[in-house]
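What follows is target.txt (compact mmCIF, C-alpha atoms).
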```txt
# COMPACT_ATOMS: atom_id res chain seq x y z
CA MET L 17 0.00 0.00 0.00
CA PRO L 18 1.18 3.58 -0.62
CA GLN L 19 2.04 5.99 2.17
CA MET L 20 -0.41 8.72 3.15
CA LEU L 21 2.11 11.26 1.87
CA ASP L 22 1.83 9.80 -1.63
CA SER L 23 -1.64 11.33 -1.97
CA LEU L 24 -0.34 14.84 -1.25
CA PRO L 25 1.78 17.49 -2.99
CA VAL L 26 5.49 16.72 -2.60
CA LEU L 27 5.93 19.89 -0.55
CA TYR L 28 4.33 18.19 2.46
CA ARG L 29 6.96 15.43 2.61
CA GLY L 30 9.25 17.59 4.68
CA LEU L 31 6.52 19.27 6.71
CA LEU L 32 4.15 16.70 8.17
CA PRO L 33 4.83 14.36 11.13
CA ASP L 34 6.03 10.77 10.74
CA PHE L 35 2.46 9.52 11.05
CA PHE L 36 1.90 10.42 7.40
CA GLN L 37 4.42 7.80 6.35
CA LYS L 38 1.90 5.13 7.35
CA GLU L 39 0.29 3.04 4.62
CA ILE L 40 -3.18 3.83 3.35
CA PRO L 41 -5.58 1.76 1.21
CA VAL L 42 -5.34 2.16 -2.57
CA GLU L 43 -8.70 3.46 -3.81
CA THR L 44 -8.96 1.04 -6.73
CA LYS L 45 -12.71 1.61 -7.16
CA ALA L 46 -12.21 5.31 -8.00
CA THR L 47 -10.64 5.02 -11.44
CA CYS L 48 -9.92 8.60 -12.47
CA ALA L 49 -8.24 7.83 -15.81
CA SER L 50 -11.33 5.88 -16.89
CA CYS L 51 -13.91 7.52 -14.65
CA ALA L 52 -15.98 4.97 -12.73
CA MET L 53 -18.87 7.41 -12.66
CA CYS L 54 -19.10 8.11 -16.40
CA PRO L 55 -21.57 6.18 -18.58
CA SER L 56 -18.81 4.50 -20.59
CA SER L 57 -17.41 2.65 -17.58
CA ALA L 58 -20.20 2.62 -14.97
CA SER L 59 -23.40 0.65 -14.71
CA GLU L 60 -26.43 2.92 -15.01
CA THR L 61 -28.49 0.40 -13.06
CA VAL L 62 -26.18 0.19 -10.09
CA GLU L 63 -25.36 3.89 -10.01
CA SER L 64 -29.08 4.79 -9.92
CA VAL L 65 -29.97 2.37 -7.14
CA ASP L 66 -32.46 4.83 -5.64
CA GLY L 67 -33.93 5.76 -9.02
CA VAL L 68 -31.88 8.96 -9.46
CA SER L 69 -29.00 8.74 -11.92
CA ARG L 70 -25.83 10.31 -10.56
CA LEU L 71 -23.50 9.48 -13.43
CA PHE L 72 -20.98 12.21 -14.25
CA ARG L 73 -20.41 13.99 -17.53
CA PRO L 74 -17.25 12.79 -19.30
CA ASP L 75 -16.20 16.42 -19.82
CA THR L 76 -16.43 17.29 -16.12
CA LYS L 77 -16.07 14.05 -14.15
CA CYS L 78 -15.85 15.03 -10.47
CA CYS L 79 -14.12 18.33 -11.28
CA THR L 80 -17.24 20.47 -10.83
CA TYR L 81 -15.45 22.13 -7.95
CA TYR L 82 -13.27 25.26 -7.84
CA PRO L 83 -10.28 24.74 -5.52
CA LYS L 84 -9.23 27.29 -2.94
CA LEU L 85 -5.43 27.37 -3.24
CA PRO L 86 -3.34 28.49 -0.24
CA ASN L 87 -0.66 31.07 -1.02
CA TYR L 88 2.30 28.72 -0.52
CA LEU L 89 0.96 26.12 -2.99
CA VAL L 90 0.41 28.90 -5.55
CA GLY L 91 3.99 29.97 -4.97
CA ALA L 92 5.22 26.39 -5.31
CA LEU L 93 3.47 26.07 -8.68
CA LEU L 94 4.83 29.39 -9.93
CA SER L 95 8.34 28.31 -8.84
CA ASP L 96 8.14 24.97 -10.65
CA THR L 97 9.58 25.45 -14.15
CA ARG L 98 8.78 21.99 -15.55
CA ASP L 99 7.33 22.09 -19.05
CA GLU L 100 4.39 19.86 -18.13
CA LEU L 101 3.16 22.58 -15.74
CA ASP L 102 3.26 25.39 -18.31
CA GLU L 103 -0.50 25.30 -18.79
CA GLY L 104 -1.20 25.23 -15.06
CA ARG L 105 1.12 28.17 -14.45
CA ARG L 106 -0.54 30.06 -17.30
CA ARG L 107 -4.04 29.49 -15.92
CA VAL L 108 -3.09 30.44 -12.36
CA GLY L 109 -1.27 33.48 -13.77
CA GLU L 110 -4.43 34.54 -15.59
CA LYS L 111 -6.40 34.10 -12.38
CA ILE L 112 -3.96 36.32 -10.48
CA SER L 113 -4.11 38.94 -13.23
CA SER L 114 -7.91 38.96 -13.02
CA ARG L 115 -7.69 40.05 -9.35
CA VAL L 116 -10.95 38.15 -8.68
CA GLY L 117 -10.67 36.04 -5.54
CA VAL L 118 -6.96 36.90 -5.24
CA THR L 119 -5.83 37.68 -1.68
CA PRO L 120 -2.54 37.41 0.19
CA GLN L 121 -3.78 34.19 1.81
CA TRP L 122 -5.64 32.47 -1.05
CA VAL L 123 -6.27 32.23 -4.76
CA ARG L 124 -9.89 31.21 -4.48
CA PRO L 125 -13.14 31.00 -6.43
CA SER L 126 -15.25 34.09 -6.86
CA ALA L 127 -18.01 34.85 -4.38
CA ARG L 128 -20.49 34.25 -7.19
CA TYR L 129 -19.17 30.73 -7.78
CA ASN L 130 -19.35 29.94 -4.06
CA LEU L 131 -22.92 31.24 -3.94
CA LEU L 132 -23.94 28.92 -6.77
CA TYR L 133 -22.04 25.98 -5.31
CA ARG L 134 -23.71 26.27 -1.91
CA ASN L 135 -27.22 26.76 -3.26
CA SER L 136 -27.47 24.35 -6.22
CA ARG L 137 -28.81 20.78 -6.23
CA GLN L 138 -27.61 17.64 -8.03
CA PHE L 139 -25.09 19.55 -10.13
CA PHE L 140 -21.95 17.78 -8.95
CA GLY L 141 -20.27 15.97 -11.81
CA LYS L 142 -22.92 17.23 -14.23
CA ALA L 143 -22.86 21.02 -14.65
CA ALA L 144 -20.27 22.17 -17.19
CA SER L 145 -20.71 25.73 -15.91
CA MET L 146 -19.27 24.61 -12.56
CA ARG L 147 -16.21 22.92 -14.04
CA CYS L 148 -12.86 23.71 -12.42
CA PRO L 149 -10.90 26.37 -14.34
CA TYR L 150 -7.75 24.25 -14.01
CA TYR L 151 -9.36 21.22 -15.67
CA GLU L 152 -7.80 20.22 -18.99
CA LEU L 153 -10.76 19.48 -21.24
CA ASP L 154 -8.99 17.64 -24.07
CA HIS L 155 -7.40 14.96 -21.90
CA GLY L 156 -9.62 15.16 -18.84
CA GLY L 157 -6.84 15.91 -16.38
CA CYS L 158 -5.72 18.58 -13.93
CA THR L 159 -3.19 21.21 -15.00
CA ILE L 160 -2.06 21.95 -11.42
CA TRP L 161 -2.26 18.45 -9.90
CA PRO L 162 1.16 18.44 -8.15
CA TYR L 163 -0.03 21.49 -6.17
CA ARG L 164 -3.64 20.54 -5.52
CA GLU L 165 -5.37 21.55 -2.30
CA ALA L 166 -7.02 19.50 0.47
CA VAL L 167 -10.35 18.69 -1.20
CA CYS L 168 -8.76 17.57 -4.47
CA SER L 169 -6.21 15.45 -2.59
CA THR L 170 -8.79 13.53 -0.58
CA PHE L 171 -12.01 13.19 -2.64
CA PHE L 172 -12.99 9.83 -4.12
CA CYS L 173 -16.35 8.82 -5.56
CA LYS L 174 -16.06 5.30 -4.09
CA TYR L 175 -14.00 3.81 -1.28
CA VAL L 176 -12.58 0.31 -0.95
CA ALA L 177 -13.22 0.50 2.79
CA GLY L 178 -16.76 1.81 2.33
CA ALA L 179 -18.02 4.13 5.05
CA ASP L 180 -14.80 3.69 7.03
CA GLY L 181 -12.81 4.71 3.96
CA ARG L 182 -14.92 7.79 3.47
CA LYS L 183 -14.46 8.73 7.14
CA LEU L 184 -10.69 8.27 6.77
CA TRP L 185 -10.40 10.59 3.79
CA MET L 186 -12.80 13.13 5.29
CA THR L 187 -10.73 13.36 8.47
CA PHE L 188 -7.60 13.52 6.30
CA LYS L 189 -9.17 16.47 4.48
CA THR L 190 -10.00 18.20 7.77
CA TYR L 191 -6.39 17.93 8.92
CA LEU L 192 -5.05 19.22 5.60
CA ALA L 193 -7.54 22.09 5.54
CA LEU L 194 -6.35 23.12 9.00
CA ALA L 195 -2.75 22.95 7.76
CA GLU L 196 -3.63 25.11 4.75
CA ILE L 197 -5.25 27.75 6.93
CA GLN L 198 -2.48 27.93 9.49
CA LEU L 199 0.48 27.64 7.10
CA SER L 200 -0.97 30.28 4.77
CA ARG L 201 -1.47 32.59 7.77
CA TYR L 202 2.08 31.91 8.89
CA ALA L 203 3.40 32.78 5.43
CA VAL L 204 1.47 36.06 5.32
CA LEU L 205 2.74 36.91 8.79
CA GLN L 206 6.31 36.67 7.50
CA LEU L 207 5.77 38.87 4.43
CA MET L 208 2.87 41.16 5.33
CA PRO L 209 2.28 41.03 9.10
CA GLU L 210 -0.12 43.99 9.06
CA TYR L 211 -2.62 41.84 7.11
CA ILE L 212 -2.77 39.33 9.96
CA LEU L 213 -2.59 41.90 12.75
CA ALA L 214 -5.59 43.71 11.24
CA GLY L 215 -7.56 40.44 11.28
CA ARG L 216 -8.02 40.37 7.52
CA ASP L 217 -7.31 36.64 7.49
CA LYS L 218 -10.53 35.95 9.41
CA PRO L 219 -13.69 35.44 7.32
CA ASP L 220 -16.62 37.73 8.01
CA PRO L 221 -19.74 35.49 8.40
CA SER L 222 -22.02 38.50 7.87
CA GLU L 223 -20.38 39.51 4.60
CA THR L 224 -22.77 39.55 1.63
CA PRO L 225 -21.83 39.55 -2.09
CA THR L 226 -21.15 42.95 -3.61
CA VAL L 227 -22.00 44.14 -7.11
CA GLU L 228 -18.44 43.26 -8.13
CA ASP L 229 -18.84 39.77 -6.65
CA LEU L 230 -22.04 39.08 -8.56
CA ASP L 231 -20.49 40.21 -11.84
CA ASP L 232 -17.20 38.36 -11.22
CA LYS L 233 -15.37 41.69 -11.23
CA PRO L 234 -12.28 42.57 -9.17
CA LEU L 235 -12.27 44.90 -6.21
CA PRO L 236 -12.12 48.60 -7.03
CA GLN L 237 -8.51 49.67 -7.54
CA LYS L 238 -8.32 51.59 -4.27
CA GLU L 239 -9.61 48.63 -2.22
CA TYR L 240 -7.34 46.19 -4.00
CA ALA L 241 -4.31 48.41 -3.36
CA ALA L 242 -5.25 48.66 0.33
CA LEU L 243 -5.53 44.86 0.46
CA TRP L 244 -2.13 44.17 -1.08
CA ARG L 245 -0.28 47.31 0.09
CA GLN L 246 3.39 47.18 -0.96
CA TRP L 247 2.84 43.90 -2.84
CA ALA L 248 0.18 45.24 -5.23
CA GLY L 249 1.36 44.42 -8.75
CA ARG L 250 3.92 41.94 -7.36
CA GLU L 251 1.50 39.22 -6.29
CA ARG L 252 3.48 36.44 -8.00
CA ASP L 253 6.61 37.40 -6.06
CA PHE L 254 4.55 37.44 -2.87
CA TYR L 255 3.26 33.91 -3.46
CA ARG L 256 6.77 32.65 -4.23
CA GLY L 257 7.90 34.22 -0.97
CA CYS L 258 5.10 32.38 0.87
CA TYR L 259 6.31 29.11 -0.64
CA GLU L 260 9.88 29.79 0.49
CA ALA L 261 8.70 30.64 4.01
CA VAL L 262 6.69 27.43 4.36
CA ARG L 263 9.15 25.05 2.72
CA ALA L 264 11.82 26.14 5.25
CA LEU L 265 9.75 24.87 8.18
CA SER L 266 10.49 21.64 10.07
CA PRO L 267 7.78 19.15 11.09
CA GLU L 268 8.22 20.32 14.68
CA GLN L 269 7.58 23.93 13.66
CA VAL L 270 4.52 22.92 11.65
CA GLU L 271 3.18 21.00 14.64
CA LYS L 272 3.57 24.13 16.76
CA ILE L 273 1.82 26.27 14.14
CA LEU L 274 -1.14 23.88 13.99
CA GLY L 275 -1.38 23.91 17.78
CA LEU L 276 -3.88 21.96 19.87
CA ASP L 277 -6.32 21.75 16.96
CA GLY L 278 -3.65 19.91 14.98
CA VAL L 279 -3.02 17.48 17.84
CA ILE L 280 -6.73 16.69 18.13
CA GLU L 281 -7.26 16.28 14.37
CA LEU L 282 -4.25 13.98 14.15
CA LYS L 283 -5.70 11.77 16.90
CA VAL L 284 -9.01 11.58 15.03
CA LEU L 285 -7.13 10.73 11.83
CA GLU L 286 -5.17 7.98 13.60
CA LYS L 287 -8.43 6.33 14.71
CA SER L 288 -9.97 6.68 11.26
CA LEU L 289 -6.95 4.96 9.71
CA ARG L 290 -7.22 2.05 12.16
CA ASP L 291 -10.91 1.61 11.38
CA ALA L 292 -10.29 1.65 7.63
CA VAL L 293 -7.29 -0.70 7.60
CA ALA L 294 -8.32 -3.17 10.31
CA PRO L 295 -12.11 -3.08 10.71
CA GLU L 296 -13.89 -5.29 13.22
CA LEU L 297 -17.28 -6.84 12.56
CA PRO L 298 -19.76 -5.80 15.30
CA LYS L 299 -21.15 -8.65 17.40
CA VAL L 300 -24.75 -7.63 16.63
CA LEU L 301 -25.91 -6.42 13.22
CA LYS L 302 -29.16 -5.29 11.66
CA LEU L 303 -30.20 -4.46 8.11
CA ASN L 304 -29.97 -0.71 7.68
CA PRO L 305 -33.60 0.54 7.47
CA GLU L 306 -32.44 3.48 5.32
CA ALA L 307 -30.61 1.32 2.76
CA THR L 308 -31.90 1.69 -0.79
CA VAL L 309 -32.95 -1.51 -2.53
CA LYS L 310 -33.44 -2.02 -6.26
CA TRP L 311 -34.27 -5.33 -7.86
CA LEU L 312 -32.58 -5.84 -11.21
CA ALA L 313 -33.85 -7.60 -14.31
CA ASP L 314 -31.60 -10.62 -13.79
CA GLY L 315 -33.03 -11.27 -10.32
CA SER L 316 -30.10 -9.76 -8.44
CA VAL L 317 -30.48 -6.83 -6.07
CA ALA L 318 -28.57 -3.56 -5.79
CA LEU L 319 -28.14 -2.12 -2.31
CA GLY L 320 -26.83 1.28 -1.34
CA ALA L 321 -26.42 3.01 2.01
CA TYR L 322 -23.29 4.96 2.95
CA SER L 323 -22.85 6.78 -0.39
CA GLU L 324 -25.04 7.92 -3.24
CA TYR L 325 -22.24 6.91 -5.62
CA ASP L 326 -21.51 3.38 -4.39
CA ALA L 327 -23.79 0.34 -4.41
CA VAL L 328 -23.38 -3.41 -3.91
CA ALA L 329 -25.00 -5.98 -6.20
CA LEU L 330 -25.93 -9.34 -4.65
CA PRO L 331 -27.83 -12.43 -5.78
CA GLY L 332 -31.51 -12.00 -4.99
CA VAL L 333 -31.48 -14.92 -2.56
CA ALA L 334 -28.92 -13.11 -0.44
CA TYR L 335 -31.43 -10.39 0.40
CA SER L 336 -33.73 -12.94 2.04
CA LEU L 337 -30.82 -13.77 4.34
CA LEU L 338 -30.00 -10.14 5.14
CA VAL L 339 -33.49 -9.46 6.49
CA GLU L 340 -32.79 -12.03 9.19
CA PHE L 341 -30.31 -9.62 10.75
CA THR L 342 -32.71 -7.70 12.96
CA GLY L 343 -30.34 -6.59 15.71
CA ARG L 344 -32.01 -8.80 18.31
CA GLU L 345 -29.40 -11.56 18.42
CA PRO L 346 -25.65 -11.89 17.85
CA VAL L 347 -24.26 -12.40 14.35
CA ALA L 348 -23.00 -15.86 15.28
CA ALA L 349 -26.52 -16.93 16.38
CA VAL L 350 -28.11 -15.60 13.16
CA ARG L 351 -25.58 -17.44 11.00
CA GLU L 352 -26.14 -20.68 12.92
CA ARG L 353 -29.91 -20.36 12.53
CA LEU L 354 -29.62 -19.72 8.80
CA ARG L 355 -27.43 -22.77 8.37
CA LYS L 356 -30.01 -24.95 10.16
CA GLU L 357 -33.24 -23.50 8.77
CA LYS L 358 -32.24 -22.41 5.26
CA GLN L 359 -29.06 -24.38 4.63
CA ALA L 360 -27.45 -21.06 3.77
CA ASP L 361 -24.77 -18.86 5.18
CA LEU L 362 -23.22 -15.47 4.64
CA HIS L 363 -19.47 -15.72 5.12
CA GLU L 364 -17.91 -13.33 7.61
CA ASP L 365 -15.98 -11.61 4.78
CA ILE L 366 -19.27 -10.86 3.02
CA LEU L 367 -20.80 -9.58 6.24
CA LEU L 368 -17.78 -7.35 6.80
CA GLU L 369 -18.09 -5.89 3.30
CA LEU L 370 -21.80 -5.24 3.82
CA TYR L 371 -21.02 -3.63 7.15
CA ARG L 372 -18.37 -1.43 5.56
CA HIS L 373 -21.00 -0.25 3.11
CA ARG L 374 -23.40 0.16 6.09
CA ILE L 375 -25.98 -2.03 4.39
CA LEU L 376 -25.68 -3.93 7.62
CA MET L 377 -25.15 -1.68 10.60
CA GLU L 378 -24.23 -2.09 14.24
CA ALA L 379 -27.32 -2.59 16.37
```
What does this structure look like when you write it as structure tokens?
Amino acid sequence: MPQMLDSLPVLYRGLLPDFFQKEIPVETKATCASCAMCPSSASETVESVDGVSRLFRPDTKCCTYYPKLPNYLVGALLSDTRDELDEGRRRVGEKISSRVGVTPQWVRPSARYNLLYRNSRQFFGKAASMRCPYYELDHGGCTIWPYREAVCSTFFCKYVAGADGRKLWMTFKTYLALAEIQLSRYAVLQLMPEYILAGRDKPDPSETPTVEDLDDKPLPQKEYAALWRQWAGRERDFYRGCYEAVRALSPEQVEKILGLDGVIELKVLEKSLRDAVAPELPKVLKLNPEATVKWLADGSVALGAYSEYDAVALPGVAYSLLVEFTGREPVAAVRERLRKEKQADLHEDILLELYRHRILMEA
């Protein structure tokens, strides 16, 4: 299995604690090169187990999301002169030149995009208008992948460890998001301390979109100059400086910067990794009453529970065995009764897989 660090930008190799050298499951079900959620490689029947098709468009895949890039990753990209990143550097450069969503801490989506993202339904993977600006349409790849942010590093449509796998990557994302916030603040503190001291790094929950926000226009020149101060017009140099400031840190310094929140999130992540790598079957199970069930034309049944994108197909006869798990007796007793009364059994490995998908749940 790969190390946790293998799923992250190389920059983090010298920054994160030794824990991130631990092995993590390979997400073989999420096949990005041949998208498992596109019609060409996914089963329409299984993917619409609850009657609602969630297949992705081939020209968007799961990239209907606009990443929020911390300053030091922007600087790392701008400092990387490899030819294969020319397009990514060009696109990020255009974004910086637009001055929309460009701050000393982040290169982020516009307020208008965020407004649409938060208030739209069933668009993910489907709406071309929400496609990431760094997505390469011809080949279906990412132009800035080596410097992707927390969400892009940890999202998968399906997980080999089911619900436990999703929990692992979600807690991984939470830790990385904390690191992005704190390390980007640290970088700004080194180059433009007045920005931090004035509290401009803290989001204003009462802030509403302006006319400029709704039209995807930059801040008025005077406001933008006040935001960037001596770095106005030299934003690329600023971001490169942020990268240099962060890359010089040791893991011990990063741990101190993340503080108690980092300690807590790391503990949560450690538990999530244990649950995903070495799960234990609960002693008492019941069929999840919220699981979706769809009978297929061949007599098999598709079951979904933990994710709208992931379903399990079983022989129809298996479902008649699952309903025997009512949560009123131990798993061992149910299996023994099924062997005697129905001359049938569900192997523990099958039960574990169904539990991981939360089709069977702890009673």
| query | Got a sec: who's within 9 Å of Pro125 of chain L, counting all atoms listed in the file, leaving out chain neighbours fewer than 6 positions off, as a list in words? | reply |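 After dropping sequence-adjacent residues, the list is Tyr82, Pro83, Lys84, Val116, Gly117 and Val118 of chain L.
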| Selection: 8 Å around Leu285 of chain L, only C-alpha atoms, excl. self and same-chain fewer than 5 positions, as a VMD selection string | chain L and resid 184 187 to 188 191
| task | Go ahead and compute the interatomic distance for atom CA of Ser50 of chain L and atom CA of His155 of chain L, in Å to one decimal. | result |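 That distance, rounded to one decimal, is 11.1 Å.
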| field | Separation of atom CA of Leu32 of chain L from atom CA of Pro267 of chain L, in Å and rounded to one decimal | value | 5.3 Å
| note | For Leu31 of chain L, the closest of L:Cys258, L:Cys54, L:Ala92, L:Ala195 counting all atoms listed in the file is L:Ala195
With 12 Å as the cut-off and all atoms listed in the file counted, what is the closest atom pair between each nearby residue of segment 91-126 of chain L and segment 160-171 of chain L? Distances in Å to one decimal, ordered by chain and number, as a Markdown table.
```
| residue | atom | partner | partner_atom | distance |
| --- | --- | --- | --- | --- |
| L:Gly91 | CA | L:Tyr163 | CA | 9.5 |
| L:Ala92 | CA | L:Tyr163 | CA | 7.2 |
| L:Leu93 | CA | L:Tyr163 | CA | 6.3 |
| L:Leu94 | CA | L:Tyr163 | CA | 10.0 |
| L:Ser95 | CA | L:Tyr163 | CA | 11.1 |
| L:Asp96 | CA | L:Pro162 | CA | 9.9 |
| L:Arg98 | CA | L:Pro162 | CA | 11.2 |
| L:Glu100 | CA | L:Ile160 | CA | 9.5 |
| L:Leu101 | CA | L:Ile160 | CA | 6.8 |
| L:Asp102 | CA | L:Ile160 | CA | 9.4 |
| L:Glu103 | CA | L:Ile160 | CA | 8.2 |
| L:Gly104 | CA | L:Ile160 | CA | 5.0 |
| L:Arg105 | CA | L:Ile160 | CA | 7.6 |
| L:Arg106 | CA | L:Ile160 | CA | 10.1 |
| L:Arg107 | CA | L:Ile160 | CA | 9.0 |
| L:Val108 | CA | L:Ile160 | CA | 8.6 |
| L:Gly109 | CA | L:Ile160 | CA | 11.8 |
| L:Trp122 | CA | L:Glu165 | CA | 11.0 |
| L:Val123 | CA | L:Glu165 | CA | 11.0 |
| L:Arg124 | CA | L:Glu165 | CA | 10.9 |
```
| message | So the first atom is atom CA of Phe254 of chain L and the second is atom CA of Pro120 of chain L; what is the distance between them in Å, to one decimal place? | response | 7.7 Å
| query | Closest to Arg216 of chain L among L:Ser113, L:Thr159, L:Gln121, L:Gln198, using all atoms listed in the file? | reply | L:Gln121
